[in-house]
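Single-structure report; data block below.
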Amino acid sequence: MSTQAATAPRSLPTESSGTGKALGLGLAGIAITAGGLLIPGNAHAVALAWLVGVSFWTAVTIGMLLLTMIHHIFDASWSVVIRRQWEHALSAFPWLALLFLPLLAASWFGPRDLVWPWMNLSHELHGHGTVGTDILYAKKSSFLNINMFTGATILFFAIWTWLSARLRKASFSQDKDGDIKWTTMNRKTSAFGIPLAALSLTFAAIFWIKSLEYHWFSTMYGVWFFANCVRGALCLSVLIMLWLYSRGDYKGILNTNHLHSIGQLMLAFTVFWAYVTFSQYFLIWNANVPEETFWYNLRELNADGTPNQWKYVGIVIILFGHFVVPFLYLLSYNNKIVHAKIKRVAIWVPCIILFDLCYNILPALKNEQGDPQPLFSLNLLWTITAVKPSPC
């Protein structure tokens, strides 16, 4: 039945060597990223890079949480083979909270504006005086303050960890006694958990990412983040399934229907992401309100009117990387069921999601003229190494 996790026909091989390598890469990534702090005046770049890394893995894990709950609500069959792996990944939330802790600590005990400029009322805004004298901040100050930010962040991780713990407890307990009550518990958890997860991921995206440019306003931002959460989770799920199949654990379990179903969802969320992103851009372009259009202007033109690097990064991400390439690729039935072919798009999309997060976060790093620093620079190294210490 679909509520039972699929089990391999034999005991799993030990992967201590692989785990050791992954841990080594993660520690090396942390060390290299921390090494960036030794460069004078580089703390802001390192902090934003760390925010990209934590946001990326948090998004993927939230996506797995949502997919697990959707599985229980719809009693799906295709997701049985990957549900246990999702449940294992959900144990990463406490570690993700620990990885977010340096950003909170830096905001409390270091320069208040190291990451989020509105935390320091004396922060100089290009052409707008200081944060403390900014009328737009005054109207948002009850929401954008360090106490609210800290409390909200703790609440977000508490919600995700609590929901995950309930889902894991019921699933693992059912493995032991087979009692149907655990299925009922997971369905109840999913029924109220999906709205909780949806609200918390929306506010997390607003607090952590959108507030970097707090003048900006968008009603689509939470949905954009949600689309990336699920797309990243689906792609990582494919890679896990193919890896388990290649080492023999999924032989006789993984079939064409499983891959075709997940491939269809990947295609659906590709279209959904494109719809959300286009709607956001079109609404802002059509309204032509300065508090909204500046966000895109910053990612296209420098203060002197010359195009900056982010303009071309955005074109590649939005037009080709996130939509055209995966959309056309996933239209093919064979590309969804042939292992080698679906693996390509399962690697491609998370890489583009990472660049999408860079596109949303890293332009907050500006030079003296108020122009965003380019993506392809030494700052990209800190971003790549910050993504390395994955708890997943």
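Ligands are numbered from 1 in the order shown, chains are lettered A, B, ... in the order of the structure tokens, and residues start at 1 in each chain.
Near range 271-287 of chain A, within a cut-off of 6 Å and counting only C-alpha atoms, sit the residues Met220, Ala227, Ala268, Phe269 and Val289 of chain A, with same-chain residues fewer than 2 positions away left out.
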Keeping only C-alpha atoms, write the selected residues as a PDB file, in the first residue's frame.
ATOM      1  CA  MET A 220       4.698  36.904  -5.914  1.00  0.00           C
ATOM      2  CA  ALA A 227       8.453  26.892  -6.822  1.00  0.00           C
ATOM      3  CA  ALA A 268       4.683  21.150 -14.303  1.00  0.00           C
ATOM      4  CA  PHE A 269       6.740  23.151 -11.833  1.00  0.00           C
ATOM      5  CA  VAL A 289       6.147  52.171  -9.593  1.00  0.00           C
TER       6      VAL A 289
END
When DSSP is applied to the backbone of this structure, which of range 83-272 of chain A are assigned helix (DSSP H, G or I)? Write them out as a short mmCIF file (atom, residue, chain, number, x, y, z; two decimals) with C-alpha atoms, in the first residue's frame.
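Saved the output as selection_34.cif:
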data_model
loop_
_atom_site.label_atom_id
_atom_site.label_comp_id
_atom_site.auth_asym_id
_atom_site.auth_seq_id
_atom_site.Cartn_x
_atom_site.Cartn_y
_atom_site.Cartn_z
CA ARG A 83 9.35 8.90 0.78
CA ARG A 84 11.77 7.30 3.23
CA GLN A 85 14.65 9.28 1.72
CA TRP A 86 12.62 12.48 2.11
CA GLU A 87 12.01 11.59 5.74
CA HIS A 88 15.72 11.11 6.31
CA ALA A 89 16.44 14.48 4.69
CA LEU A 90 13.95 16.20 7.00
CA SER A 91 16.28 15.52 9.92
CA ALA A 92 18.50 18.27 8.44
CA PHE A 93 16.36 21.14 9.75
CA PRO A 94 18.13 21.42 13.15
CA TRP A 95 21.48 21.46 11.31
CA LEU A 96 20.21 24.12 8.91
CA ALA A 97 19.17 26.21 11.91
CA LEU A 98 22.69 25.80 13.28
CA LEU A 99 24.13 26.93 9.94
CA PHE A 100 21.89 29.99 10.00
CA LEU A 101 23.06 30.88 13.50
CA PRO A 102 26.27 32.70 12.38
CA LEU A 103 24.15 35.17 10.40
CA LEU A 104 22.04 35.90 13.47
CA ALA A 105 25.10 36.15 15.71
CA ALA A 106 26.79 38.56 13.29
CA SER A 107 23.67 40.72 13.26
CA TRP A 108 23.43 40.83 17.05
CA PHE A 109 27.07 41.06 18.08
CA PRO A 117 21.05 46.95 5.95
CA TRP A 118 17.81 47.86 7.76
CA MET A 119 19.18 46.39 11.01
CA VAL A 131 17.82 53.87 7.14
CA GLY A 132 16.69 55.74 10.24
CA THR A 133 15.53 58.75 8.18
CA ILE A 135 10.13 57.04 5.39
CA LEU A 136 9.71 53.64 3.74
CA TYR A 137 11.60 51.96 6.54
CA ALA A 138 9.57 53.85 9.13
CA LYS A 139 6.40 52.34 7.67
CA LYS A 140 7.91 48.83 7.81
CA ILE A 146 16.10 42.55 14.64
CA ASN A 147 13.87 41.25 17.42
CA MET A 148 11.07 40.36 15.01
CA PHE A 149 13.58 38.88 12.56
CA THR A 150 15.20 36.67 15.19
CA GLY A 151 11.91 35.49 16.66
CA ALA A 152 10.47 34.77 13.23
CA THR A 153 13.55 32.81 12.13
CA ILE A 154 13.41 30.68 15.29
CA LEU A 155 9.70 30.12 14.67
CA PHE A 156 10.28 29.07 11.04
CA PHE A 157 12.81 26.40 11.96
CA ALA A 158 10.68 25.30 14.92
CA ILE A 159 7.67 24.74 12.63
CA TRP A 160 9.67 22.82 10.03
CA THR A 161 11.45 20.73 12.67
CA TRP A 162 8.22 19.95 14.55
CA LEU A 163 6.33 18.90 11.42
CA SER A 164 9.28 16.77 10.34
CA ALA A 165 9.53 15.12 13.74
CA ARG A 166 5.83 14.18 13.70
CA LEU A 167 6.04 12.74 10.19
CA ARG A 168 9.20 10.78 10.97
CA LYS A 169 7.90 9.47 14.28
CA ALA A 170 4.68 8.15 12.72
CA SER A 171 6.48 6.60 9.75
CA PHE A 172 9.18 4.87 11.78
CA SER A 173 6.70 3.71 14.42
CA GLN A 174 4.52 2.14 11.75
CA ASP A 175 7.53 0.17 10.55
CA LYS A 176 7.67 -1.45 13.99
CA ASP A 177 4.02 -2.20 14.75
CA LYS A 181 -3.14 4.94 13.52
CA TRP A 182 0.25 6.20 12.32
CA THR A 183 -1.14 6.64 8.80
CA THR A 184 -3.99 8.68 10.28
CA MET A 185 -1.51 10.75 12.28
CA ASN A 186 0.54 11.55 9.17
CA ARG A 187 -2.54 12.56 7.24
CA LYS A 188 -3.67 14.86 10.04
CA THR A 189 -0.18 16.32 10.33
CA SER A 190 -0.11 16.94 6.58
CA ALA A 191 -3.56 18.55 6.59
CA PHE A 192 -2.53 21.35 8.93
CA GLY A 193 1.17 21.12 8.07
CA ILE A 194 0.87 22.21 4.44
CA PRO A 195 -0.67 25.62 5.29
CA LEU A 196 1.88 26.08 8.10
CA ALA A 197 4.77 25.24 5.79
CA ALA A 198 3.39 27.49 3.05
CA LEU A 199 3.08 30.51 5.36
CA SER A 200 6.43 29.96 7.04
CA LEU A 201 8.39 29.53 3.79
CA THR A 202 6.74 32.68 2.40
CA PHE A 203 7.72 34.81 5.39
CA ALA A 204 11.18 33.23 5.47
CA ALA A 205 11.74 34.29 1.84
CA ILE A 206 10.53 37.81 2.65
CA PHE A 207 12.62 38.18 5.81
CA TRP A 208 15.80 36.51 4.61
CA LYS A 210 13.47 40.11 -0.14
CA SER A 211 14.25 42.39 2.80
CA LEU A 212 17.83 42.78 1.54
CA GLU A 213 16.26 45.42 -0.72
CA TYR A 221 7.87 36.42 -3.91
CA GLY A 222 6.70 33.65 -1.62
CA VAL A 223 5.32 31.70 -4.57
CA TRP A 224 8.61 32.12 -6.43
CA PHE A 225 10.47 30.66 -3.46
CA PHE A 226 7.94 27.83 -3.16
CA ALA A 227 8.45 26.89 -6.82
CA ASN A 228 12.21 26.69 -6.31
CA CYS A 229 11.73 24.62 -3.12
CA VAL A 230 9.71 21.95 -4.88
CA ARG A 231 11.77 21.95 -8.09
CA GLY A 232 14.98 21.51 -6.14
CA ALA A 233 13.47 18.72 -4.03
CA LEU A 234 12.17 16.86 -7.10
CA CYS A 235 15.54 17.02 -8.84
CA LEU A 236 17.48 15.89 -5.78
CA SER A 237 14.96 13.08 -5.37
CA VAL A 238 15.72 11.86 -8.88
CA LEU A 239 19.44 11.87 -8.17
CA ILE A 240 18.92 9.91 -4.94
CA MET A 241 16.69 7.37 -6.69
CA LEU A 242 19.18 6.84 -9.52
CA TRP A 243 22.05 6.53 -7.07
CA LEU A 244 20.20 3.90 -5.03
CA TYR A 245 19.30 2.05 -8.23
CA SER A 246 22.90 2.07 -9.45
CA THR A 256 9.32 3.61 -15.47
CA ASN A 257 6.15 4.92 -13.85
CA HIS A 258 8.06 6.36 -10.90
CA LEU A 259 10.43 8.34 -13.10
CA HIS A 260 7.68 9.40 -15.51
CA SER A 261 5.53 10.70 -12.64
CA ILE A 262 8.32 12.71 -11.07
CA GLY A 263 9.36 13.93 -14.53
CA GLN A 264 5.83 15.19 -15.12
CA LEU A 265 5.94 17.10 -11.85
CA MET A 266 9.30 18.57 -12.82
CA LEU A 267 7.77 19.78 -16.08
CA ALA A 268 4.68 21.15 -14.30
CA PHE A 269 6.74 23.15 -11.83
CA THR A 270 8.95 24.42 -14.64
CA VAL A 271 5.86 25.98 -16.21
CA PHE A 272 4.64 27.15 -12.80
#
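Nearest-residue note for Phe143 in chain A: choosing from A:Tyr214, A:Thr130, A:Gly24, A:Arg299, the minimum distance belongs to A:Tyr214, counting only C-alpha atoms.
Each of A:Asn302, A:Asn42, A:Asp371, A:Cys358 was compared to Ser55 in chain A using only C-alpha atoms, and A:Cys358 turns out to be the nearest.
The two atoms in question, CA of Gly53 in chain A and CA of Leu114 in chain A, are spaced 16.4 Å apart.
Checking A:Tyr250, A:Leu328, A:Lys366, A:Leu375 one by one against Trp310 in chain A, counting only C-alpha atoms, you find the shortest gap at A:Leu375.
As for CA of Asn145 in chain A and CA of Asn120 in chain A, they are spaced 9.3 Å apart.
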